[in-house]
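Below is one structure, written out as structure tokens, with a few remarks after it.
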Amino acid sequence: MKLLKNALLAFFLLIMLAVVATGCGGSASKTAAAASAPSSGITVSSPANGAAVRSPFTLLASATTCATEPVTSIGYSIGGSNDPVVANGNSIDTSVPASTGTQTLHVKAWGAQGASCDQDLTIAVTDASSPENSLVPSDATVVSNVQTGSNWLAAHDPATGATSSGTMSVVSSPSLSGNARQFDTSFTNGGGEIYNVDFAIDPNSTNFFYDAWVYLSSSATNLETLELDMNQVLANGDTVIYGFQCDGVSGTWDYTANQGSLADPEDVWVHAGAPCNVQSWGKEQWHHVQISYSRDDSGNVTYSAVWLDGMETQINATVPSVFALGWNPSLITNFQVDGNGSGSNAVYLDELTISRW
């Protein structure tokens with residue numbers, strides 16, 4: 001999304017007046033998108049195909065026969081490695097270290113007469129030292145799988161290019177949870193499409209941790225900017241905007257600030273100076289985005305840090321970001337896809353979890 005102007009704020013107001021606040025939570029279970037199907041007799045009990053796992057993860061696999069031959073050994077490798085870790089016998093139970101990001105797990109079995117069989121699984125790996133473990137307190141309110149909410153809306157962002165349109169659906173593939181939200185966006189002249197959902201009411205929390213997995217399809221080569229926001233409407237109607245984006249134009253992480261007044265706001269993007277270019281994100285794979293921010297009682301927002309695929313970038317910026325909009329109390333998250341030129345693309349969002357305290 002380009003600079004948010006007053007017209008856009010009024011546009012958001014029209015959207016919010018039409019939205020009925022609902023909680024779309026649920027458990028944070030990581031159900032596989034599809035069960036691991038046996039291949040030549042190999043059964044992988046854990047992890048499941050499409051699962052999100054922490055490194056190191058436990059691999060449980062077995063095979064009785066391979067091409068009718070009794071299995072004498074079984075092993076695994078990660079990614080493009082041609083040097084598998086092998087265990088004698090027909091089963092393996094081991095701890096597997098892996099780099100963060102989307103990985104291919106190759107499970108292999110060998111028969112007594114030299115036959116070989118294999119099964120490939122896709123997993124999304126995050127490090128055990130993931131920041132939510134230390135930043136989110138045990139008594140925080142956690143809303144998981146926000147992407148599955150039934151009240152998502154889509155609209156063109158008038159602060160961007162000429163036109164945009166978008167459709168959404170919940171899909172099982174590609175997915176980590178089995179219920180990812182697919183965003184199909186068409187645009188002209190750099191148009192951007194806003195997708196948003198009202199997921200709770202909480203005017204009191206002051207700390208937030210945003211945690212999401214984003215998948216860029218091969219069609220997303222024309223993606224210019226990806227925006228991951230949250231708006232908190234307070235009891236008095238003032239709205240705190242936590243705006244955050246990976247900017248493919250400036251090549252930076254950006255955050256929003258109100259450079260006007262409470263009653264006459266001017267919402268602008270500020271380049272953090274920390275590098276981020278969504279055009280360089282790998283296609284056909286999952287990316288883990290985590291953002292930590294908070295506010296004080298005056299509506300000043302502190303953007304603390306962002307993690308992309310486990311790599312931390314400190315932001316440490318505090319700016320005024322409260323607006324007198326007169327909305328009804330609610331929590332809204334925005335997922336915005338901005339195009340480069342004219343075209344269309346597909347982007348996926350999964351396991352969107354927002355913690356607050």
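Chain labels run A, B, ... following the order of the structure tokens; each chain numbers its residues from 1, and ligands are numbered from 1 in the order shown.
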
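Neighbouring residues of stretch 310-316 of chain A at 9 Å or closer, counting only C-alpha atoms and skipping chain neighbours under 2 positions away, are A:Thr100, A:Gly101, A:Thr126, A:Asp127, A:Ser129, A:Ser130, A:Pro131, A:Trp253, A:Ala272, A:Gly273, A:Ala274, A:Pro275, A:His288, A:Val289, A:Gln290, A:Thr302, A:Tyr303, A:Ser304, A:Ala305, A:Val306, A:Trp307, A:Leu308, A:Thr318.
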
Legend entry - DSSP helix (DSSP H, G or I) residues within stretch 30-224 of chain A, listed as number ranges by chain: A: 132-135, 146-148, 218-222

Which residues come within 10 Å of A:Asn179, counting only C-alpha atoms, excluding same-chain residues fewer than 3 positions away, as a compact mmCIF listing (two decimals) with C-alpha atoms, in the first residue's frame?
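Output saved as out.txt:
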# COMPACT_ATOMS: atom_id res chain seq x y z
CA THR A 31 -2.93 -30.29 11.21
CA ALA A 32 -1.29 -31.48 8.04
CA ALA A 33 -2.66 -30.36 4.71
CA ASN A 145 -5.93 -19.35 12.41
CA GLN A 147 -7.10 -16.61 8.10
CA THR A 148 -10.09 -18.98 8.35
CA SER A 169 -10.95 -18.84 -0.82
CA VAL A 170 -9.81 -21.24 1.91
CA VAL A 171 -7.70 -24.02 0.41
CA SER A 172 -6.00 -27.17 1.64
CA SER A 173 -3.00 -26.86 -0.67
CA PRO A 174 -0.59 -25.21 -0.45
CA SER A 175 -1.19 -25.12 3.29
CA LEU A 176 0.45 -25.84 6.63
CA GLN A 182 -5.76 -17.82 -1.01
CA LEU A 349 -1.73 -16.79 4.18
CA ASP A 350 -1.72 -19.55 6.79
CA GLU A 351 -1.51 -20.02 10.57

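If you look at atom CA of A:Met230 and atom CA of A:Gln285, they are 24.5 Å away from each other.
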
Inset, instruction - State, in Å with one decimal place, the distance from atom CA of A:Asp83 to atom CA of A:Thr65. - result: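 Calculated distance between atom CA of A:Asp83 and atom CA of A:Thr65 is 22.0 Å.
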
Inset, instruction - Find, counting only C-alpha atoms, the residue in A:Thr167, A:Thr104, A:Thr94, A:Ser355 that gets nearest to A:Asn207. - result: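 Between A:Thr167, A:Thr104, A:Thr94, A:Ser355, the residue approaching A:Asn207 most closely is A:Ser355.
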
Inset, instruction - Find the residues around A:Pro329 up to 9 Å (only C-alpha atoms counted), leave out those fewer than 4 positions away in its own chain, and share them as a PyMOL selection string. - result: chain A and resi 21+200-203+232-239

Expected file: the selected residues, N, CA and C atoms, as an mmCIF file, in the first residue's frame:
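result.cif, written as the output of this step:
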data_model
loop_
_atom_site.group_PDB
_atom_site.id
_atom_site.type_symbol
_atom_site.label_atom_id
_atom_site.label_comp_id
_atom_site.auth_asym_id
_atom_site.auth_seq_id
_atom_site.Cartn_x
_atom_site.Cartn_y
_atom_site.Cartn_z
ATOM 1 N N ALA A 21 -18.222 -7.365 14.378
ATOM 2 C CA ALA A 21 -17.065 -7.911 15.076
ATOM 3 C C ALA A 21 -17.349 -9.320 15.547
ATOM 4 N N ALA A 200 -11.815 -9.538 16.679
ATOM 5 C CA ALA A 200 -12.024 -9.486 18.129
ATOM 6 C C ALA A 200 -12.373 -8.060 18.533
ATOM 7 N N ILE A 201 -12.732 -7.888 19.795
ATOM 8 C CA ILE A 201 -12.901 -6.567 20.413
ATOM 9 C C ILE A 201 -12.012 -6.533 21.646
ATOM 10 N N ASP A 202 -11.092 -5.587 21.672
ATOM 11 C CA ASP A 202 -10.199 -5.437 22.823
ATOM 12 C C ASP A 202 -9.590 -4.041 22.784
ATOM 13 N N PRO A 203 -10.199 -3.082 23.491
ATOM 14 C CA PRO A 203 -9.645 -1.722 23.514
ATOM 15 C C PRO A 203 -8.522 -1.539 24.526
ATOM 16 N N GLN A 232 -6.485 -1.175 15.999
ATOM 17 C CA GLN A 232 -7.144 -1.366 17.296
ATOM 18 C C GLN A 232 -8.002 -0.150 17.590
ATOM 19 N N VAL A 233 -9.308 -0.366 17.641
ATOM 20 C CA VAL A 233 -10.224 0.725 17.966
ATOM 21 C C VAL A 233 -10.422 0.748 19.478
ATOM 22 N N LEU A 234 -10.156 1.889 20.078
ATOM 23 C CA LEU A 234 -10.227 2.037 21.521
ATOM 24 C C LEU A 234 -11.648 2.368 21.961
ATOM 25 N N ALA A 235 -11.856 2.395 23.263
ATOM 26 C CA ALA A 235 -13.195 2.617 23.807
ATOM 27 C C ALA A 235 -13.762 3.983 23.423
ATOM 28 N N ASN A 236 -12.898 4.997 23.250
ATOM 29 C CA ASN A 236 -13.367 6.340 22.908
ATOM 30 C C ASN A 236 -13.526 6.551 21.408
ATOM 31 N N GLY A 237 -13.307 5.487 20.619
ATOM 32 C CA GLY A 237 -13.454 5.603 19.168
ATOM 33 C C GLY A 237 -12.173 5.919 18.441
ATOM 34 N N ASP A 238 -11.137 6.322 19.169
ATOM 35 C CA ASP A 238 -9.848 6.545 18.516
ATOM 36 C C ASP A 238 -9.291 5.212 18.024
ATOM 37 N N THR A 239 -8.575 5.254 16.918
ATOM 38 C CA THR A 239 -8.040 4.047 16.307
ATOM 39 C C THR A 239 -6.526 4.117 16.277
#

Inset, instruction - Rank nothing, just name the residue among A:Asn222, A:Ser321, A:Ser81, A:Asn231 nearest to A:Leu262, using only C-alpha atoms. - result: A:Ser321

Legend entry - 12 Å contact set for A:Ser164, only C-alpha atoms, chain neighbours under 2 positions out, as number ranges by chain: A: 1, 154-162, 166-167, 184-195, 336-345

Inset, instruction - Run DSSP on the backbone of this structure and report the residues of stretch 171-312 of chain A it assigns to strand (DSSP E), as an MDAnalysis selection string. - result: chainID A and resid 171 180:188 192:200 207:216 223:233 238:242 244:247 252:258 267:275 285:295 300:308 311:312

Legend entry - A:Phe183 surroundings by only C-alpha atoms, 6 Å radius, close-in-sequence under 6 positions cut, as a PyMOL selection string: chain A and resi 168+346-347

Inset, instruction - Calculate how many Å separate atom CA of A:Ala109 from atom CA of A:Ser73, rounding to one decimal. - result: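 Those two atoms sit 5.9 Å apart.
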